[in-house]
Every structure is written in C-alpha cells, then in structure tokens.
Amino acid sequence: MKRNAYIAIILTIFLLTGCSKEAEEIPRDDKTIQINIMHYFGDTDTDESAKCFKEIIENEFEEAFPNVQLVQSIYDNGTYKKKIKVLMASGEVPDIMFGYGGGFSQAYVDSGKLLNLDDYINEDYRNRMDMQMQENFIYDGKQYGICFSYWTGVLYCNMGLFEQAGVEIPKTYEELKEASKILRKNNIQPVACGMLDRWHGQQWINNYTIQLAGAEFYKKMASGEESLDNEILIRSADLVQGLIRAEVFCDDIYNMTSSEAEEMFLEGDAAMIYIGNWYTSSAKERLGDKLAVTQMPVVPGAGFPNDYHGGGINGWMVSADTKYPELATEIAQWLAYRISCYQPQTSTFKIKEGDQVGNIDRINQDILDMYKDKENGGCAWDSIMLPEDADIWLDLCGKLFNMKFNGKGFAKLLKSQIDWRRDI
C-alpha cells in the first residue's frame with residue numbers, strides 16, 4: 001500500500017494491540033483532528049471494496065477533510081472479528097470501524113458501544129441510500145451503521161474446462177451432479193470448496209434454504225423467530241450431502257482453507273466455485289475471457305425463484321464514545337458513498353450524476369442481469385446470527401460436510417445446541 005505523507009497509517013500486528021488513548025491526544029497541529037479508523041482492508045485483500053477504499057484514501061481524503069489526520073488500524077478479516085470483540089470489551093474503541101451488521105453487532109448496539117446515527121444523517125443523504133440494503137444496520141428502528149456495498153452469491157465457471165469436457169454449465173441440481181461426473185471423467189475437479197473454513201460450505205446450505213423457504217422465512221430462522229429443526233433445513237442439508245456423495249466437491253475439500261479453494265479455481269484446477277461477488281475482480285483478472293457466471297443451480301421443489309442469497313452486511317459504524325460524533329459520522333457517510341461510486345455494481349446508494357468513478361464491465365453486468373428481477377435477499381447465517389449461535393452453526397456445518405449425521409440429525413442438533421446456549 002502506498003503511504004501518502006498526509007495520512008498516518010498504523011498497522012497493528014499483534015491481536016491485543018489497541019488504538020491508544022495517547023495517540024488520540026496528539027494532533028499534528030492546533031487545527032488538525034485525529035480520527036482513528038479500524039478495518040480489514042489490507043495489502044493482500046482481494047475484496048473489491050478494499051481496492052476502492054485504498055484509492056479513495058490515497059487520492060481523495062485529504063481534499064475532502066483537510067484538517068483530519070486519519071489513523072488506520074488494519075487487520076486480516078479473521079483477526080479483525082476477534083479484535084473488535086476485545087476492543088468492545090475493553091472500551092478502547094476507534095472512532096470509526098468496519099462493521100458487520102445483523103447479529104454480529106447486536107450486542108454492541110445493546111451495550112451502548114455504537115452511536116445511533118439518526119441525528120447525524122441529513123435528509124438529502126438519507127434519500128440517496130437504498131434503505132433495503134441498510135436493513136442489517138437498523139436495530140429497533142434506529143440506524144447504527146451505513147452499508148457501503150451488498151453482495152450476491154455467484155457460481156463462477158471456467159469455460160475453458162467446461163469446453164474441454166464437452167459439458168454445459170448446469171442450471172439445475174441434477175445437471176450439476178451430471179456435469180460433475182463428466183468433468184471427473186475428464187480429470188477435472190468440479191467445485192472448489194475449502195471446509196477448513198466452514199463458511200465456505202455453509203453457503204450451499206444457505207442458498208438451498210432460501211430457494212426452498214424464501215428469504216423472509218430464512219431470516220426468521222436465523223433470528224430465532226422460526227424453529228431451526230424443520231423440514232426445510234433438513235431438506236437443504238440432505239441436498240448438500242447428495243452433492244458430497246456424487247463427488248461434486250473437490251477431493252481436498254476437508255484439507256483446504258477457503259483461500260486455497262479460491263486459488264484452486266483461479267489456477268484453473270477446478271471448473272466451478274460458489275462465492276460472493278466480491279470475488280469477481282480476482283476471477284476476471286486471472287481467467288479473462290474464460291470466466292462465466294451464473295446462479296446457483298435450482299434445487300427440486302424450489303418455491304422462491306425471486307429471492308436470492310446475499311444482501312448488505314458490510315458498513316461503517318461509529319463509536320458512541322468518540323470525541324467527534326458529528327465529524328466521525330460525516331467521514332463514515334463520505335466513505336460509504338464514495339465506495340459505492342467506485343463500485344456501482346454493488347452500490348447501496350442512488351449515485352448522483354457525475355459522481356460515478358467505476359465502470360460496470362461484462363461480468364459485473366452479467367451478475368446484475370442475473371439478479372435484476374430478484375426481490376428479497378438473505379445474508380449468510382454466520383453474519384446475521386448472533387456470534388455465539390453462528391459458532392454453533394458453523395461447527396455443525398463442518399460436521400455435516402464430514403457426514404457425521406444426516407439432515408435430520410443436523411437440524412435437531414442445531415436447534416438443541418442453540419436453545420441450550422440461549423437458556424444458560
């Protein structure tokens with residue numbers, strides 16, 4: 001990452017190194033205000049938003065906020081999720097932080113750690129926001145964060161490998177199994193997936209649950225309003241195990257991380273991967289004209305073709321203890337809007353004429369076209385569940401993929417373990 005002279009960047013290496021109060025109290029001069037921001041947009045991050053964020057900070061921030069010194073604390077994604085918990089518990093919270101909406105931030109809202117932004121967002125700005133994409137940052141009718149991008153699930157395909165095997169991109173569940181069989185006969189691994197990071201596999205169960213039950217029911221299951229021990233989840237889990245038995249997933253699924261699986265696809269060693277559209281930039285860069293995108297193949301009995309797997313979950317949140325609530329909120333708003341201007345394909349705003357920076361290329365347009373008639377989305381359960389429930393969910397997803405139990409046993413254990421945790 002380039003370091004411009006006007007921006008001081010603190011790259012914290014150790015997990016328990018926080019944003020110090022001493023640093024907050026040392027301005028560069030009498031007119032400069034120091035604002036601390038914490039995120040996971042590091043040098044190696046391939047997320048589209050990370051690349052946009054770096055450009056914005058390096059090229060635009062000083063002009064927009066000439067009297068602000070922005071001090072960044074940067075982590076990888078996994079460390080960030082642990083670090084934010086430590087800081088929330090210790091009270092050493094930065095002025096602005098990357099925030100996951102939904103259940104992940106519920107406890108921080110309940111404990112008063114996050115600033116209610118309603119008094120700081122003016123009507124013009126609010127009218128520019130796509131409020132459907134802000135829903136995971138609304139708690140009891142109050143807005144505690146500003147979502148800057150949304151994601152959608154995409155099945156990425158290597159057309160070179162499909163053509164080599166003489167097979168079409170699958171549109172249905174049965175076609176996926178048949179295509180995988182033909183790919184394997186041609187010594188091609190079908191679907192890259194890394195279950196050392198269990199979220200990589202949860203996506204399949206989540207998608208099938210939305211196809212069968214719809215996004216509204218799906219979200220109620222995640223929040224506890226509907227039982228997790230139901231026929232929909234049982235069916236979704238059984239469908240995933242049907243893919244495992246049909247050898248749809250790659251041979252090393254249990255020995256790979258998500259990053260390794262993603263690299264496997266980029267290297268041309270697997271024909272498909274299912275992941276969020278944040279992966280598009282890397283896939284385009286590596287596969288070029290060989291890259292094609294489609295929706296998850298439709299499962300038997302899918303009753304909600306206009307609902308989708310995805311939504312707005314990434315945003316900026318402000319500490320309730322910041323010395324500068326108005327300024328911190330203004331910066332968070334500005335960053336959210338500018339990121340949307342750089343990546344209009346995932347914008348959570350109505351972009352003003354002349355503000356758009358990024359272009360929508362062929363692949364991103366294909367993804368937009370896939371979802372143009374979709375009505376309601378549901379984010380991954382490890383994002384919208386309470387963190388403690390999400391840990392149980394991911395643990396059991398890993399065991400389901402390892403065939404420790406069938407769909408019925410999976411749903412029963414999920415309900416009983418989460419109920420037990422809530423009753424403690």
# chains A, B, ... in the order shown; residues from 1 in each chain; ligands from 1
$ residues_around --residues "range 119-129 of chain A" --least-positions-apart "3" --cutoff "7 Å" --atoms "only C-alpha atoms" --output "mmCIF file with N, CA and C atoms, in the first residue's frame"
data_model
loop_
_atom_site.group_PDB
_atom_site.id
_atom_site.type_symbol
_atom_site.label_atom_id
_atom_site.label_comp_id
_atom_site.auth_asym_id
_atom_site.auth_seq_id
_atom_site.Cartn_x
_atom_site.Cartn_y
_atom_site.Cartn_z
ATOM 1 N N GLU A 326 -20.098 14.075 15.259
ATOM 2 C CA GLU A 326 -20.567 14.657 14.001
ATOM 3 C C GLU A 326 -19.542 14.467 12.893
ATOM 4 N N THR A 329 -19.159 10.678 11.954
ATOM 5 C CA THR A 329 -20.292 10.240 11.135
ATOM 6 C C THR A 329 -20.182 10.801 9.725
ATOM 7 N N THR A 348 -24.966 0.782 -2.782
ATOM 8 C CA THR A 348 -26.108 0.852 -1.861
ATOM 9 C C THR A 348 -26.696 2.260 -1.858
ATOM 10 N N PHE A 349 -26.352 3.036 -2.874
ATOM 11 C CA PHE A 349 -26.828 4.421 -2.992
ATOM 12 C C PHE A 349 -27.345 4.690 -4.403
ATOM 13 N N LYS A 350 -28.180 5.717 -4.506
ATOM 14 C CA LYS A 350 -28.508 6.287 -5.803
ATOM 15 C C LYS A 350 -27.402 7.296 -6.096
#
$ closest_atom_pairs --of "range 143-260 of chain A" --to "range 89-106 of chain A" --cutoff "9 Å" --atoms "only C-alpha atoms" --output "JSON lines"
{"residue": "A:Tyr144", "atom": "CA", "partner": "A:Gly101", "partner_atom": "CA", "distance": 8.8}
{"residue": "A:Gly145", "atom": "CA", "partner": "A:Gly99", "partner_atom": "CA", "distance": 7.3}
{"residue": "A:Ile146", "atom": "CA", "partner": "A:Gly99", "partner_atom": "CA", "distance": 8.8}
{"residue": "A:Cys147", "atom": "CA", "partner": "A:Gly101", "partner_atom": "CA", "distance": 8.2}
{"residue": "A:Ala222", "atom": "CA", "partner": "A:Gly103", "partner_atom": "CA", "distance": 9.0}
{"residue": "A:Ser223", "atom": "CA", "partner": "A:Gly103", "partner_atom": "CA", "distance": 7.9}
$ write_last_selection --atoms "N, CA, C and O atoms" --output "PDB file, in the first residue's frame"
ATOM      1  N   TYR A 144     -27.551   2.275  13.009  1.00  0.00           N
ATOM      2  CA  TYR A 144     -26.275   2.277  13.719  1.00  0.00           C
ATOM      3  C   TYR A 144     -25.084   2.068  12.795  1.00  0.00           C
ATOM      4  O   TYR A 144     -23.962   1.897  13.273  1.00  0.00           O
ATOM      5  N   GLY A 145     -25.305   2.073  11.517  1.00  0.00           N
ATOM      6  CA  GLY A 145     -24.206   1.912  10.584  1.00  0.00           C
ATOM      7  C   GLY A 145     -24.669   2.269   9.191  1.00  0.00           C
ATOM      8  O   GLY A 145     -25.871   2.419   8.933  1.00  0.00           O
ATOM      9  N   ILE A 146     -23.702   2.427   8.279  1.00  0.00           N
ATOM     10  CA  ILE A 146     -24.012   2.784   6.895  1.00  0.00           C
ATOM     11  C   ILE A 146     -23.409   1.727   5.992  1.00  0.00           C
ATOM     12  O   ILE A 146     -22.184   1.613   5.879  1.00  0.00           O
ATOM     13  N   CYS A 147     -24.268   0.937   5.383  1.00  0.00           N
ATOM     14  CA  CYS A 147     -23.813  -0.133   4.499  1.00  0.00           C
ATOM     15  C   CYS A 147     -23.243   0.477   3.219  1.00  0.00           C
ATOM     16  O   CYS A 147     -23.869   1.338   2.604  1.00  0.00           O
ATOM     17  N   ALA A 222     -32.838 -17.621  11.265  1.00  0.00           N
ATOM     18  CA  ALA A 222     -31.559 -17.149  11.793  1.00  0.00           C
ATOM     19  C   ALA A 222     -31.734 -16.358  13.085  1.00  0.00           C
ATOM     20  O   ALA A 222     -30.890 -16.416  13.986  1.00  0.00           O
ATOM     21  N   SER A 223     -32.831 -15.610  13.200  1.00  0.00           N
ATOM     22  CA  SER A 223     -33.060 -14.764  14.374  1.00  0.00           C
ATOM     23  C   SER A 223     -33.742 -15.495  15.526  1.00  0.00           C
ATOM     24  O   SER A 223     -33.877 -14.949  16.616  1.00  0.00           O
TER      25      SER A 223
END
$ select_by_dssp --residues "range 57-151 of chain A" --states "strand (DSSP E)" --output "ChimeraX atom specification"
/A:68-74,96-100,138-139,142-143,146-151
$ closest_atom_pairs --of "range 59-152 of chain A" --to "range 285-309 of chain A" --cutoff "12 Å" --atoms "only C-alpha atoms" --output "tab-separated table"
residue	atom	partner	partner_atom	distance
A:Tyr150	CA	A:His309	CA	10.9
A:Trp151	CA	A:His309	CA	8.5
A:Thr152	CA	A:His309	CA	5.9
$ select_by_dssp --residues "range 162-324 of chain A" --states "alpha helix (DSSP H)" --output "ChimeraX atom specification"
/A:162-165,173-185,199-213,215-223,231-245,258-266,280-287
$ closest_atom_pairs --of "range 168-281 of chain A" --to "range 66-85 of chain A" --cutoff "12 Å" --atoms "only C-alpha atoms" --output "Markdown table"
| residue | atom | partner | partner_atom | distance |
| --- | --- | --- | --- | --- |
| A:Asp197 | CA | A:Gly78 | CA | 10.4 |
| A:Trp199 | CA | A:Gly78 | CA | 11.9 |
| A:Ser258 | CA | A:Gly78 | CA | 12.0 |
| A:Ser259 | CA | A:Asn77 | CA | 11.9 |
$ write_last_selection --atoms "N, CA and C atoms" --output "JSON list (two decimals), in the first residue's frame"
[["chain", "number", "residue", "atom", "x", "y", "z"],
["A", 197, "ASP", "N", -12.24, -23.71, 6.46],
["A", 197, "ASP", "CA", -13.01, -22.52, 6.81],
["A", 197, "ASP", "C", -14.47, -22.86, 6.54],
["A", 199, "TRP", "N", -17.30, -21.60, 6.67],
["A", 199, "TRP", "CA", -18.25, -20.71, 5.99],
["A", 199, "TRP", "C", -18.32, -21.01, 4.50],
["A", 258, "SER", "N", -10.54, -21.69, 2.71],
["A", 258, "SER", "CA", -11.31, -21.03, 1.66],
["A", 258, "SER", "C", -10.37, -20.34, 0.66],
["A", 259, "SER", "N", -9.31, -19.72, 1.17],
["A", 259, "SER", "CA", -8.36, -19.04, 0.28],
["A", 259, "SER", "C", -7.70, -20.01, -0.68]]
$ atom_distance --atom1 "CA of Lys113 in chain A" --atom2 "CA of Ala320 in chain A"
5.3 Å
$ decode --residues "range 114-146 of chain A" --atoms "N, CA and C atoms" --output "PDB file, in the first residue's frame"
ATOM      1  N   LEU A 114     -22.112   1.576  20.297  1.00  0.00           N
ATOM      2  CA  LEU A 114     -22.187   2.159  18.960  1.00  0.00           C
ATOM      3  C   LEU A 114     -23.113   3.371  18.944  1.00  0.00           C
ATOM      4  N   LEU A 115     -22.779   4.329  18.112  1.00  0.00           N
ATOM      5  CA  LEU A 115     -23.530   5.576  18.035  1.00  0.00           C
ATOM      6  C   LEU A 115     -24.771   5.411  17.164  1.00  0.00           C
ATOM      7  N   ASN A 116     -25.913   5.860  17.675  1.00  0.00           N
ATOM      8  CA  ASN A 116     -27.133   5.958  16.873  1.00  0.00           C
ATOM      9  C   ASN A 116     -26.941   7.116  15.894  1.00  0.00           C
ATOM     10  N   LEU A 117     -26.973   6.820  14.603  1.00  0.00           N
ATOM     11  CA  LEU A 117     -26.628   7.823  13.593  1.00  0.00           C
ATOM     12  C   LEU A 117     -27.816   8.673  13.133  1.00  0.00           C
ATOM     13  N   ASP A 118     -28.996   8.379  13.626  1.00  0.00           N
ATOM     14  CA  ASP A 118     -30.199   9.060  13.115  1.00  0.00           C
ATOM     15  C   ASP A 118     -30.113  10.578  13.224  1.00  0.00           C
ATOM     16  N   ASP A 119     -29.524  11.086  14.299  1.00  0.00           N
ATOM     17  CA  ASP A 119     -29.448  12.532  14.497  1.00  0.00           C
ATOM     18  C   ASP A 119     -28.377  13.195  13.640  1.00  0.00           C
ATOM     19  N   TYR A 120     -27.546  12.388  12.970  1.00  0.00           N
ATOM     20  CA  TYR A 120     -26.417  12.939  12.221  1.00  0.00           C
ATOM     21  C   TYR A 120     -26.560  12.765  10.708  1.00  0.00           C
ATOM     22  N   ILE A 121     -27.529  11.983  10.264  1.00  0.00           N
ATOM     23  CA  ILE A 121     -27.735  11.767   8.832  1.00  0.00           C
ATOM     24  C   ILE A 121     -28.821  12.713   8.349  1.00  0.00           C
ATOM     25  N   ASN A 122     -28.468  13.610   7.430  1.00  0.00           N
ATOM     26  CA  ASN A 122     -29.470  14.570   6.966  1.00  0.00           C
ATOM     27  C   ASN A 122     -30.392  13.954   5.918  1.00  0.00           C
ATOM     28  N   GLU A 123     -31.440  14.663   5.592  1.00  0.00           N
ATOM     29  CA  GLU A 123     -32.488  14.127   4.714  1.00  0.00           C
ATOM     30  C   GLU A 123     -31.963  13.858   3.306  1.00  0.00           C
ATOM     31  N   ASP A 124     -31.109  14.733   2.788  1.00  0.00           N
ATOM     32  CA  ASP A 124     -30.570  14.541   1.439  1.00  0.00           C
ATOM     33  C   ASP A 124     -29.779  13.247   1.350  1.00  0.00           C
ATOM     34  N   TYR A 125     -28.934  13.009   2.349  1.00  0.00           N
ATOM     35  CA  TYR A 125     -28.130  11.786   2.352  1.00  0.00           C
ATOM     36  C   TYR A 125     -29.020  10.555   2.512  1.00  0.00           C
ATOM     37  N   ARG A 126     -29.990  10.642   3.401  1.00  0.00           N
ATOM     38  CA  ARG A 126     -30.883   9.503   3.624  1.00  0.00           C
ATOM     39  C   ARG A 126     -31.652   9.154   2.348  1.00  0.00           C
ATOM     40  N   ASN A 127     -32.045  10.157   1.588  1.00  0.00           N
ATOM     41  CA  ASN A 127     -32.782   9.906   0.346  1.00  0.00           C
ATOM     42  C   ASN A 127     -31.924   9.231  -0.716  1.00  0.00           C
ATOM     43  N   ARG A 128     -30.611   9.367  -0.592  1.00  0.00           N
ATOM     44  CA  ARG A 128     -29.718   8.715  -1.549  1.00  0.00           C
ATOM     45  C   ARG A 128     -29.475   7.240  -1.218  1.00  0.00           C
ATOM     46  N   MET A 129     -29.713   6.847   0.013  1.00  0.00           N
ATOM     47  CA  MET A 129     -29.452   5.471   0.426  1.00  0.00           C
ATOM     48  C   MET A 129     -30.540   4.524  -0.073  1.00  0.00           C
ATOM     49  N   ASP A 130     -30.133   3.332  -0.473  1.00  0.00           N
ATOM     50  CA  ASP A 130     -31.075   2.248  -0.738  1.00  0.00           C
ATOM     51  C   ASP A 130     -31.360   1.599   0.612  1.00  0.00           C
ATOM     52  N   MET A 131     -32.495   1.930   1.211  1.00  0.00           N
ATOM     53  CA  MET A 131     -32.769   1.513   2.584  1.00  0.00           C
ATOM     54  C   MET A 131     -32.934   0.003   2.727  1.00  0.00           C
ATOM     55  N   GLN A 132     -33.306  -0.684   1.640  1.00  0.00           N
ATOM     56  CA  GLN A 132     -33.385  -2.147   1.717  1.00  0.00           C
ATOM     57  C   GLN A 132     -32.009  -2.732   2.021  1.00  0.00           C
ATOM     58  N   MET A 133     -30.967  -2.111   1.466  1.00  0.00           N
ATOM     59  CA  MET A 133     -29.612  -2.588   1.695  1.00  0.00           C
ATOM     60  C   MET A 133     -29.052  -2.139   3.053  1.00  0.00           C
ATOM     61  N   GLN A 134     -29.783  -1.273   3.748  1.00  0.00           N
ATOM     62  CA  GLN A 134     -29.352  -0.812   5.069  1.00  0.00           C
ATOM     63  C   GLN A 134     -29.996  -1.623   6.201  1.00  0.00           C
ATOM     64  N   GLU A 135     -30.861  -2.576   5.855  1.00  0.00           N
ATOM     65  CA  GLU A 135     -31.689  -3.230   6.872  1.00  0.00           C
ATOM     66  C   GLU A 135     -30.885  -3.929   7.957  1.00  0.00           C
ATOM     67  N   ASN A 136     -29.691  -4.437   7.639  1.00  0.00           N
ATOM     68  CA  ASN A 136     -28.903  -5.139   8.655  1.00  0.00           C
ATOM     69  C   ASN A 136     -28.193  -4.193   9.620  1.00  0.00           C
ATOM     70  N   PHE A 137     -28.320  -2.883   9.391  1.00  0.00           N
ATOM     71  CA  PHE A 137     -27.753  -1.899  10.303  1.00  0.00           C
ATOM     72  C   PHE A 137     -28.843  -1.118  11.041  1.00  0.00           C
ATOM     73  N   ILE A 138     -30.074  -1.584  10.917  1.00  0.00           N
ATOM     74  CA  ILE A 138     -31.205  -0.985  11.631  1.00  0.00           C
ATOM     75  C   ILE A 138     -31.561  -1.876  12.815  1.00  0.00           C
ATOM     76  N   TYR A 139     -31.523  -1.318  14.002  1.00  0.00           N
ATOM     77  CA  TYR A 139     -31.848  -2.060  15.222  1.00  0.00           C
ATOM     78  C   TYR A 139     -32.945  -1.296  15.966  1.00  0.00           C
ATOM     79  N   ASP A 140     -34.074  -1.955  16.160  1.00  0.00           N
ATOM     80  CA  ASP A 140     -35.230  -1.320  16.818  1.00  0.00           C
ATOM     81  C   ASP A 140     -35.574   0.004  16.149  1.00  0.00           C
ATOM     82  N   GLY A 141     -35.512   0.016  14.828  1.00  0.00           N
ATOM     83  CA  GLY A 141     -35.902   1.192  14.070  1.00  0.00           C
ATOM     84  C   GLY A 141     -34.868   2.302  14.013  1.00  0.00           C
ATOM     85  N   LYS A 142     -33.680   2.085  14.590  1.00  0.00           N
ATOM     86  CA  LYS A 142     -32.636   3.111  14.602  1.00  0.00           C
ATOM     87  C   LYS A 142     -31.419   2.621  13.815  1.00  0.00           C
ATOM     88  N   GLN A 143     -30.772   3.559  13.119  1.00  0.00           N
ATOM     89  CA  GLN A 143     -29.656   3.196  12.248  1.00  0.00           C
ATOM     90  C   GLN A 143     -28.326   3.375  12.973  1.00  0.00           C
ATOM     91  N   TYR A 144     -27.551   2.275  13.009  1.00  0.00           N
ATOM     92  CA  TYR A 144     -26.275   2.277  13.719  1.00  0.00           C
ATOM     93  C   TYR A 144     -25.084   2.068  12.795  1.00  0.00           C
ATOM     94  N   GLY A 145     -25.305   2.073  11.517  1.00  0.00           N
ATOM     95  CA  GLY A 145     -24.206   1.912  10.584  1.00  0.00           C
ATOM     96  C   GLY A 145     -24.669   2.269   9.191  1.00  0.00           C
ATOM     97  N   ILE A 146     -23.702   2.427   8.279  1.00  0.00           N
ATOM     98  CA  ILE A 146     -24.012   2.784   6.895  1.00  0.00           C
ATOM     99  C   ILE A 146     -23.409   1.727   5.992  1.00  0.00           C
TER     100      ILE A 146
END
